[in-house]
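Q: Structure file coords21.cif (mmCIF, N, CA and C atoms) is given on the next line.
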data_target
loop_
_atom_site.label_atom_id
_atom_site.label_comp_id
_atom_site.auth_asym_id
_atom_site.auth_seq_id
_atom_site.Cartn_x
_atom_site.Cartn_y
_atom_site.Cartn_z
N MET N 3 11.54 107.48 14.08
CA MET N 3 11.66 107.91 12.71
C MET N 3 10.82 109.16 12.50
N THR N 4 11.39 110.10 11.83
CA THR N 4 10.66 111.34 11.57
C THR N 4 9.85 111.19 10.30
N SER N 5 8.94 112.09 10.13
CA SER N 5 8.08 112.04 8.94
C SER N 5 8.88 112.30 7.66
N GLN N 6 9.95 113.08 7.78
CA GLN N 6 10.79 113.36 6.62
C GLN N 6 11.50 112.09 6.16
N LEU N 7 12.00 111.29 7.07
CA LEU N 7 12.65 110.03 6.72
C LEU N 7 11.66 109.03 6.12
N LEU N 8 10.47 109.01 6.68
CA LEU N 8 9.44 108.12 6.14
C LEU N 8 9.07 108.52 4.71
N LEU N 9 8.96 109.82 4.48
CA LEU N 9 8.64 110.32 3.15
C LEU N 9 9.75 109.96 2.16
N LEU N 10 11.00 110.14 2.55
CA LEU N 10 12.12 109.79 1.67
C LEU N 10 12.16 108.29 1.39
N GLU N 11 11.88 107.50 2.40
CA GLU N 11 11.85 106.05 2.22
C GLU N 11 10.71 105.65 1.27
N GLY N 12 9.57 106.31 1.40
CA GLY N 12 8.44 106.04 0.50
C GLY N 12 8.76 106.40 -0.94
N VAL N 13 9.41 107.55 -1.14
CA VAL N 13 9.79 107.95 -2.49
C VAL N 13 10.81 106.98 -3.06
N GLU N 14 11.74 106.54 -2.25
CA GLU N 14 12.75 105.58 -2.69
C GLU N 14 12.10 104.26 -3.12
N LEU N 15 11.16 103.77 -2.31
CA LEU N 15 10.47 102.54 -2.67
C LEU N 15 9.63 102.70 -3.94
N MET N 16 9.02 103.88 -4.08
CA MET N 16 8.22 104.15 -5.27
C MET N 16 9.09 104.13 -6.52
N LEU N 17 10.22 104.80 -6.48
CA LEU N 17 11.11 104.83 -7.64
C LEU N 17 11.67 103.45 -7.95
N PHE N 18 12.00 102.69 -6.92
CA PHE N 18 12.48 101.33 -7.11
C PHE N 18 11.40 100.47 -7.79
N GLY N 19 10.17 100.59 -7.33
CA GLY N 19 9.06 99.83 -7.90
C GLY N 19 8.78 100.22 -9.34
N LEU N 20 8.76 101.53 -9.61
CA LEU N 20 8.54 102.00 -10.97
C LEU N 20 9.65 101.55 -11.90
N GLY N 21 10.87 101.55 -11.40
CA GLY N 21 12.00 101.08 -12.21
C GLY N 21 11.88 99.61 -12.55
N LEU N 22 11.46 98.81 -11.58
CA LEU N 22 11.28 97.38 -11.84
C LEU N 22 10.16 97.13 -12.85
N VAL N 23 9.07 97.85 -12.73
CA VAL N 23 7.96 97.70 -13.68
C VAL N 23 8.42 98.10 -15.08
N PHE N 24 9.14 99.21 -15.19
CA PHE N 24 9.63 99.66 -16.48
C PHE N 24 10.58 98.63 -17.09
N LEU N 25 11.48 98.10 -16.30
CA LEU N 25 12.41 97.08 -16.77
C LEU N 25 11.67 95.83 -17.23
N PHE N 26 10.68 95.40 -16.47
CA PHE N 26 9.89 94.23 -16.83
C PHE N 26 9.18 94.46 -18.16
N LEU N 27 8.57 95.62 -18.35
CA LEU N 27 7.85 95.90 -19.59
C LEU N 27 8.79 95.96 -20.79
N VAL N 28 9.97 96.55 -20.61
CA VAL N 28 10.94 96.59 -21.70
C VAL N 28 11.38 95.18 -22.08
N LEU N 29 11.67 94.35 -21.11
CA LEU N 29 12.05 92.96 -21.39
C LEU N 29 10.91 92.19 -22.05
N LEU N 30 9.70 92.44 -21.63
CA LEU N 30 8.54 91.78 -22.23
C LEU N 30 8.39 92.16 -23.69
N ILE N 31 8.53 93.43 -24.01
CA ILE N 31 8.43 93.88 -25.39
C ILE N 31 9.55 93.29 -26.24
N LEU N 32 10.75 93.26 -25.71
CA LEU N 32 11.87 92.67 -26.45
C LEU N 32 11.64 91.18 -26.72
N CYS N 33 11.15 90.47 -25.73
CA CYS N 33 10.88 89.03 -25.92
C CYS N 33 9.77 88.80 -26.95
N ILE N 34 8.73 89.60 -26.90
CA ILE N 34 7.64 89.46 -27.86
C ILE N 34 8.14 89.73 -29.28
N ASN N 35 8.94 90.77 -29.46
CA ASN N 35 9.49 91.06 -30.78
C ASN N 35 10.40 89.95 -31.26
N LEU N 36 11.21 89.40 -30.38
CA LEU N 36 12.10 88.30 -30.75
C LEU N 36 11.30 87.07 -31.18
N ILE N 37 10.27 86.74 -30.43
CA ILE N 37 9.43 85.60 -30.78
C ILE N 37 8.70 85.85 -32.10
N ALA N 38 8.22 87.07 -32.32
CA ALA N 38 7.52 87.38 -33.56
C ALA N 38 8.45 87.24 -34.76
N ARG N 39 9.67 87.72 -34.66
CA ARG N 39 10.62 87.60 -35.76
C ARG N 39 10.98 86.15 -36.02
N THR N 40 11.11 85.37 -34.96
CA THR N 40 11.43 83.96 -35.11
C THR N 40 10.29 83.22 -35.80
N LEU N 41 9.07 83.50 -35.40
CA LEU N 41 7.92 82.83 -35.99
C LEU N 41 7.68 83.27 -37.43
N GLU N 42 8.01 84.51 -37.77
CA GLU N 42 7.84 84.98 -39.15
C GLU N 42 8.70 84.17 -40.11
N ARG N 43 9.89 83.81 -39.69
CA ARG N 43 10.78 83.03 -40.56
C ARG N 43 10.20 81.66 -40.85
N PHE N 44 9.59 81.03 -39.83
CA PHE N 44 9.06 79.69 -40.01
C PHE N 44 7.67 79.70 -40.65
N ALA N 45 6.90 80.73 -40.43
CA ALA N 45 5.53 80.78 -40.93
C ALA N 45 5.42 81.42 -42.30
N MET N 46 6.49 81.94 -42.86
CA MET N 46 6.43 82.63 -44.14
C MET N 46 5.95 81.70 -45.24
N HIS N 47 6.50 80.50 -45.30
CA HIS N 47 6.13 79.55 -46.34
C HIS N 47 4.67 79.12 -46.20
N GLU N 48 4.21 78.90 -44.99
CA GLU N 48 2.84 78.48 -44.76
C GLU N 48 1.85 79.57 -45.15
N ALA N 49 2.19 80.84 -44.91
CA ALA N 49 1.30 81.94 -45.25
C ALA N 49 1.13 82.06 -46.75
N VAL N 50 2.20 81.88 -47.51
CA VAL N 50 2.12 81.96 -48.97
C VAL N 50 1.24 80.84 -49.49
N THR N 51 1.40 79.65 -48.97
CA THR N 51 0.59 78.51 -49.40
C THR N 51 -0.88 78.74 -49.08
N ALA N 52 -1.17 79.26 -47.90
CA ALA N 52 -2.56 79.51 -47.51
C ALA N 52 -3.20 80.58 -48.39
N THR N 53 -2.45 81.59 -48.79
CA THR N 53 -2.97 82.65 -49.65
C THR N 53 -3.33 82.09 -51.01
N VAL N 54 -2.48 81.24 -51.56
CA VAL N 54 -2.75 80.65 -52.86
C VAL N 54 -3.99 79.78 -52.80
N VAL N 55 -4.14 78.99 -51.76
CA VAL N 55 -5.32 78.14 -51.61
C VAL N 55 -6.57 78.99 -51.47
N THR N 56 -6.51 80.08 -50.71
CA THR N 56 -7.67 80.94 -50.53
C THR N 56 -8.08 81.59 -51.84
N ARG N 57 -7.14 82.06 -52.61
CA ARG N 57 -7.48 82.71 -53.88
C ARG N 57 -8.10 81.72 -54.85
N VAL N 58 -7.59 80.53 -54.90
CA VAL N 58 -8.16 79.52 -55.79
C VAL N 58 -9.58 79.18 -55.34
N GLY N 59 -9.78 79.06 -54.04
CA GLY N 59 -11.11 78.75 -53.51
C GLY N 59 -12.11 79.83 -53.82
N LYS N 60 -11.72 81.08 -53.77
CA LYS N 60 -12.63 82.18 -54.07
C LYS N 60 -13.03 82.18 -55.53
N SER N 61 -12.12 81.94 -56.44
CA SER N 61 -12.46 81.97 -57.85
C SER N 61 -13.41 80.84 -58.21
N VAL N 62 -13.27 79.70 -57.57
CA VAL N 62 -14.17 78.58 -57.83
C VAL N 62 -15.56 78.89 -57.30
N SER N 63 -15.66 79.48 -56.12
CA SER N 63 -16.96 79.76 -55.54
C SER N 63 -17.69 80.86 -56.30
N CYS N 64 -16.99 81.82 -56.90
CA CYS N 64 -17.64 82.87 -57.68
C CYS N 64 -18.25 82.30 -58.95
N ALA N 65 -17.64 81.28 -59.51
CA ALA N 65 -18.16 80.68 -60.73
C ALA N 65 -19.47 79.93 -60.47
N GLN N 66 -19.73 79.54 -59.25
CA GLN N 66 -20.92 78.76 -58.92
C GLN N 66 -22.13 79.62 -58.56
N VAL N 67 -22.00 80.94 -58.54
CA VAL N 67 -23.11 81.83 -58.19
C VAL N 67 -24.01 81.97 -59.41
N ASP N 68 -25.32 81.75 -59.21
CA ASP N 68 -26.24 81.87 -60.34
C ASP N 68 -26.56 83.33 -60.65
N ALA N 69 -27.26 83.57 -61.73
CA ALA N 69 -27.50 84.93 -62.22
C ALA N 69 -28.38 85.72 -61.27
N ASP N 70 -29.40 85.10 -60.67
CA ASP N 70 -30.30 85.81 -59.75
C ASP N 70 -29.56 86.29 -58.51
N THR N 71 -28.72 85.44 -57.95
CA THR N 71 -27.96 85.80 -56.77
C THR N 71 -26.97 86.91 -57.09
N LEU N 72 -26.33 86.82 -58.24
CA LEU N 72 -25.37 87.84 -58.66
C LEU N 72 -26.05 89.19 -58.84
N SER N 73 -27.23 89.21 -59.45
CA SER N 73 -27.94 90.48 -59.63
C SER N 73 -28.39 91.05 -58.29
N ALA N 74 -28.78 90.20 -57.36
CA ALA N 74 -29.19 90.67 -56.03
C ALA N 74 -28.00 91.27 -55.29
N ILE N 75 -26.83 90.66 -55.42
CA ILE N 75 -25.62 91.19 -54.78
C ILE N 75 -25.25 92.53 -55.38
N GLN N 76 -25.32 92.64 -56.71
CA GLN N 76 -24.99 93.90 -57.37
C GLN N 76 -25.95 95.01 -56.96
N LEU N 77 -27.23 94.69 -56.86
CA LEU N 77 -28.23 95.68 -56.44
C LEU N 77 -27.97 96.13 -55.00
N ALA N 78 -27.61 95.21 -54.13
CA ALA N 78 -27.33 95.56 -52.75
C ALA N 78 -26.10 96.46 -52.65
N ILE N 79 -25.09 96.17 -53.46
CA ILE N 79 -23.88 97.01 -53.46
C ILE N 79 -24.21 98.41 -53.96
N GLN N 80 -25.02 98.51 -55.00
CA GLN N 80 -25.39 99.83 -55.51
C GLN N 80 -26.18 100.62 -54.49
N GLN N 81 -27.12 99.98 -53.79
CA GLN N 81 -27.88 100.67 -52.76
C GLN N 81 -26.99 101.11 -51.60
N HIS N 82 -26.06 100.28 -51.23
CA HIS N 82 -25.14 100.63 -50.14
C HIS N 82 -24.28 101.83 -50.53
N ARG N 83 -23.76 101.83 -51.74
CA ARG N 83 -22.92 102.96 -52.19
C ARG N 83 -23.75 104.24 -52.33
N ALA N 84 -24.98 104.13 -52.79
CA ALA N 84 -25.83 105.31 -52.94
C ALA N 84 -26.18 105.90 -51.57
N ARG N 85 -26.34 105.05 -50.57
CA ARG N 85 -26.69 105.51 -49.23
C ARG N 85 -25.53 106.27 -48.58
N HIS N 86 -24.29 105.87 -48.89
CA HIS N 86 -23.11 106.49 -48.28
C HIS N 86 -22.59 107.68 -49.06
N ASN N 87 -23.13 107.95 -50.21
CA ASN N 87 -22.68 109.13 -51.01
C ASN N 87 -23.51 110.32 -50.75
#
Give the structure from the file, written as structure tokens.
A:
Amino acid sequence: MTSQLLLLEGVELMLFGLGLVFLFLVLLILCINLIARTLERFAMHEAVTATVVTRVGKSVSCAQVDADTLSAIQLAIQQHRARHN
């Protein structure tokens, strides 16, 4: 075998390998998108329910903060904003 034939065979194997990797990655992306779309349909109702529960939980916890803690939080926010301006 001459070096020219070996070089052509190497290039052929390289292109074949790159093609297989490209094909695998394209199929992987398509499968991931298909699974994501399928799960979105089933998880849509659960996400809405979880959001409502989270919002209700936050409003209840804000009502339980005493005046000293609230003033300390407000002071910290003001200092943080003043530092970044």
Q: Expressed in Å to a single decimal, how great is the separation between CA of Ala45 (chain N) and CA of Leu29 (chain N)?
A: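 Pair CA of Ala45 (chain N) / CA of Leu29 (chain N) returns 23.9 Å.
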Q: What does the distance from atom N of Val28 (chain N) to atom C of Met46 (chain N) come to in Å, to one decimal?
A: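 Atom C of Met46 (chain N) lies at a distance of 29.0 Å from atom N of Val28 (chain N).
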Q: Hey, can you check how far CA of Met3 (chain N) sits from CA of Leu15 (chain N)?
A: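 Distance reported for this atom pair: 16.3 Å.
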